[in-house]
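Below is one structure, written out as structure tokens; the observations come after it.
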Amino acid sequence: MRQVKATPQPGKRGKGGKGAESMKKMRGENTRKVAGGRSHRGTTEAPDWMNQPKAEAVRGGRLVARFIDDRGLVVVDDVAEWFRMSKVQLAETVGLRPETFQRVRRVAAHKTQSRVKEMLEIVGRVADWAGGKDQAMAWYRAEPIPAFGGRTAECLVKEGRAAAVRDYLDHVAVGGFA
């Protein structure tokens, strides 16, 4: 039986198009752009997302990136020290049991890391508006948000609704009403 090679149609995947690059990536072939926008195969260059600075790699920007270690985990001791609170107070602030920060395995757990990152991201977004990190933490813990029935950002993060708080802050940032 004879094999027939399909010819690419305009706008479809084929040589030189966007589809060709994505197909190479799917097959695991290394590609790299060279002068003129062409790709060069066979290099061992790291993917773009690995070359991003920590501030871009971790959602939440500067404040979250400040506390990320080499393994990509938030260093809880540094967070507590920076906000001048004990680890017990920090655990209560993010809605975790105080014992959580006593064992390395629990500190590295997904739930622990995500809660601390969410808190840092929200406090980091508010810090410029509030006048600093201490004022932002005070807002996070005590200021009722009318759009959420008077609940605080702290309460919403404890309930697992940090995305709603981020959306609210984005809405306010572009000029929406609180």
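Ligands are numbered from 1 in the order shown, chains are lettered A, B, ... in the order of the structure tokens, and residues start at 1 in each chain.
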
Worksheet item: Residues at most 9 Å from segment 114-125 of chain A, counting only C-alpha atoms, excluding those fewer than 2 positions away in the same chain, as JSON, numbers by chain?
Response: {"A": [58, 59, 60, 61, 62, 63, 64, 74, 76, 79, 90, 91, 93, 94, 95, 96, 109, 110, 111, 112, 127, 128, 129, 133, 136, 137, 139, 140, 153, 154, 157, 158, 160, 162, 163, 165, 166, 169]}

Selection above as a file: N, CA and C atoms, as a JSON list (two decimals), in the first residue's frame:
[["chain", "number", "residue", "atom", "x", "y", "z"],
["A", 58, "VAL", "N", 5.07, 33.20, 39.83],
["A", 58, "VAL", "CA", 4.11, 32.97, 40.90],
["A", 58, "VAL", "C", 3.11, 34.12, 40.86],
["A", 59, "ARG", "N", 1.83, 33.74, 40.76],
["A", 59, "ARG", "CA", 0.81, 34.77, 40.73],
["A", 59, "ARG", "C", 0.85, 35.56, 42.02],
["A", 60, "GLY", "N", 0.71, 36.86, 41.92],
["A", 60, "GLY", "CA", 0.71, 37.68, 43.11],
["A", 60, "GLY", "C", 1.88, 38.64, 43.13],
["A", 61, "GLY", "N", 2.81, 38.43, 42.25],
["A", 61, "GLY", "CA", 3.87, 39.39, 42.02],
["A", 61, "GLY", "C", 4.90, 39.53, 43.10],
["A", 62, "ARG", "N", 5.26, 40.77, 43.32],
["A", 62, "ARG", "CA", 6.43, 41.09, 44.14],
["A", 62, "ARG", "C", 6.37, 40.53, 45.55],
["A", 63, "LEU", "N", 5.25, 40.69, 46.23],
["A", 63, "LEU", "CA", 5.20, 40.29, 47.63],
["A", 63, "LEU", "C", 5.31, 38.78, 47.80],
["A", 64, "VAL", "N", 4.62, 38.02, 46.95],
["A", 64, "VAL", "CA", 4.71, 36.56, 47.04],
["A", 64, "VAL", "C", 6.12, 36.11, 46.70],
["A", 74, "VAL", "N", 6.66, 28.81, 49.83],
["A", 74, "VAL", "CA", 6.66, 30.01, 50.66],
["A", 74, "VAL", "C", 7.34, 29.66, 51.99],
["A", 76, "VAL", "N", 7.34, 30.21, 55.49],
["A", 76, "VAL", "CA", 6.36, 30.70, 56.44],
["A", 76, "VAL", "C", 7.02, 31.49, 57.57],
["A", 79, "VAL", "N", 7.56, 35.00, 56.39],
["A", 79, "VAL", "CA", 6.29, 35.74, 56.28],
["A", 79, "VAL", "C", 5.85, 36.23, 57.65],
["A", 90, "LEU", "N", -0.24, 33.82, 62.27],
["A", 90, "LEU", "CA", -0.28, 33.69, 60.81],
["A", 90, "LEU", "C", -1.21, 32.55, 60.40],
["A", 91, "ALA", "N", -1.12, 31.44, 61.09],
["A", 91, "ALA", "CA", -2.00, 30.31, 60.79],
["A", 91, "ALA", "C", -3.46, 30.70, 60.95],
["A", 93, "THR", "N", -4.66, 33.70, 60.70],
["A", 93, "THR", "CA", -4.96, 34.70, 59.68],
["A", 93, "THR", "C", -5.34, 34.06, 58.35],
["A", 94, "VAL", "N", -4.69, 32.94, 58.01],
["A", 94, "VAL", "CA", -4.99, 32.29, 56.73],
["A", 94, "VAL", "C", -5.98, 31.14, 56.88],
["A", 95, "GLY", "N", -6.47, 30.93, 58.09],
["A", 95, "GLY", "CA", -7.50, 29.92, 58.29],
["A", 95, "GLY", "C", -7.00, 28.50, 58.44],
["A", 96, "LEU", "N", -5.82, 28.35, 59.03],
["A", 96, "LEU", "CA", -5.26, 27.02, 59.26],
["A", 96, "LEU", "C", -5.10, 26.78, 60.75],
["A", 109, "ALA", "N", 2.55, 21.39, 52.36],
["A", 109, "ALA", "CA", 1.30, 20.88, 51.78],
["A", 109, "ALA", "C", 0.66, 21.92, 50.87],
["A", 110, "HIS", "N", -0.04, 21.45, 49.86],
["A", 110, "HIS", "CA", -0.67, 22.33, 48.87],
["A", 110, "HIS", "C", -1.63, 23.33, 49.52],
["A", 111, "LYS", "N", -2.47, 22.87, 50.41],
["A", 111, "LYS", "CA", -3.45, 23.75, 51.04],
["A", 111, "LYS", "C", -2.77, 24.87, 51.82],
["A", 112, "THR", "N", -1.74, 24.52, 52.57],
["A", 112, "THR", "CA", -1.01, 25.51, 53.36],
["A", 112, "THR", "C", -0.36, 26.54, 52.46],
["A", 127, "ALA", "N", -1.52, 46.90, 49.26],
["A", 127, "ALA", "CA", -0.49, 47.66, 49.96],
["A", 127, "ALA", "C", -0.30, 49.07, 49.40],
["A", 128, "ASP", "N", -0.30, 49.23, 48.10],
["A", 128, "ASP", "CA", -0.12, 50.56, 47.51],
["A", 128, "ASP", "C", -1.29, 51.48, 47.84],
["A", 129, "TRP", "N", -2.49, 50.95, 47.79],
["A", 129, "TRP", "CA", -3.69, 51.75, 48.08],
["A", 129, "TRP", "C", -3.78, 52.07, 49.56],
["A", 133, "LYS", "N", 2.45, 47.86, 54.05],
["A", 133, "LYS", "CA", 2.11, 46.46, 54.36],
["A", 133, "LYS", "C", 1.29, 46.33, 55.64],
["A", 136, "ALA", "N", -2.19, 47.44, 54.89],
["A", 136, "ALA", "CA", -2.82, 46.45, 54.03],
["A", 136, "ALA", "C", -3.25, 45.22, 54.83],
["A", 137, "MET", "N", -2.43, 44.82, 55.79],
["A", 137, "MET", "CA", -2.79, 43.68, 56.64],
["A", 137, "MET", "C", -3.98, 44.05, 57.52],
["A", 139, "TRP", "N", -6.34, 46.14, 56.70],
["A", 139, "TRP", "CA", -7.50, 46.08, 55.79],
["A", 139, "TRP", "C", -7.92, 44.63, 55.58],
["A", 140, "TYR", "N", -6.96, 43.77, 55.32],
["A", 140, "TYR", "CA", -7.23, 42.35, 55.06],
["A", 140, "TYR", "C", -7.97, 41.71, 56.23],
["A", 153, "ALA", "N", -11.75, 40.31, 53.84],
["A", 153, "ALA", "CA", -10.94, 39.50, 52.93],
["A", 153, "ALA", "C", -10.41, 38.27, 53.65],
["A", 154, "GLU", "N", -10.04, 38.43, 54.91],
["A", 154, "GLU", "CA", -9.54, 37.31, 55.71],
["A", 154, "GLU", "C", -10.60, 36.20, 55.78],
["A", 157, "VAL", "N", -10.93, 34.42, 52.37],
["A", 157, "VAL", "CA", -9.80, 33.53, 52.08],
["A", 157, "VAL", "C", -9.93, 32.25, 52.90],
["A", 158, "LYS", "N", -10.36, 32.37, 54.15],
["A", 158, "LYS", "CA", -10.55, 31.20, 55.00],
["A", 158, "LYS", "C", -11.62, 30.27, 54.41],
["A", 160, "GLY", "N", -12.05, 29.87, 51.29],
["A", 160, "GLY", "CA", -11.59, 29.40, 49.98],
["A", 160, "GLY", "C", -12.07, 30.26, 48.83],
["A", 162, "ALA", "N", -10.68, 33.22, 47.73],
["A", 162, "ALA", "CA", -9.66, 34.23, 47.43],
["A", 162, "ALA", "C", -9.81, 34.74, 46.00],
["A", 163, "ALA", "N", -10.22, 33.90, 45.08],
["A", 163, "ALA", "CA", -10.40, 34.32, 43.69],
["A", 163, "ALA", "C", -11.45, 35.42, 43.60],
["A", 165, "VAL", "N", -12.12, 37.63, 45.91],
["A", 165, "VAL", "CA", -11.50, 38.85, 46.44],
["A", 165, "VAL", "C", -10.60, 39.46, 45.37],
["A", 166, "ARG", "N", -9.81, 38.63, 44.68],
["A", 166, "ARG", "CA", -8.95, 39.14, 43.61],
["A", 166, "ARG", "C", -9.78, 39.77, 42.50],
["A", 169, "LEU", "N", -10.94, 43.14, 43.72],
["A", 169, "LEU", "CA", -9.86, 44.13, 43.69],
["A", 169, "LEU", "C", -9.56, 44.57, 42.26]]

Discussion item. Can you tell me which residues surround Gly176 of chain A at a distance of at most 12 Å, considering only C-alpha atoms, apart from same-chain residues fewer than 6 positions away, and format the answer as JSON, numbers by chain?
Written reply: {"A": [147, 167, 168, 169, 170]}

Practice prompt. For atom CA of Glu92 of chain A and atom CA of Arg71 of chain A, determine how far apart the two atoms are, in Å to one decimal place.
Written response: 24.7 Å

Discussion item. One decimal, in Å: what's the spacing between atom CA of Trp82 of chain A and atom CA of Glu99 of chain A?
Written reply: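 So the answer is 20.0 Å.
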
Worksheet item: From the list A:Val88, A:Val107, A:Phe83, A:His171, which residue is nearest Ala138 of chain A when using only C-alpha atoms?
Response: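 Using only C-alpha atoms, the shortest distance to Ala138 of chain A belongs to A:Phe83.
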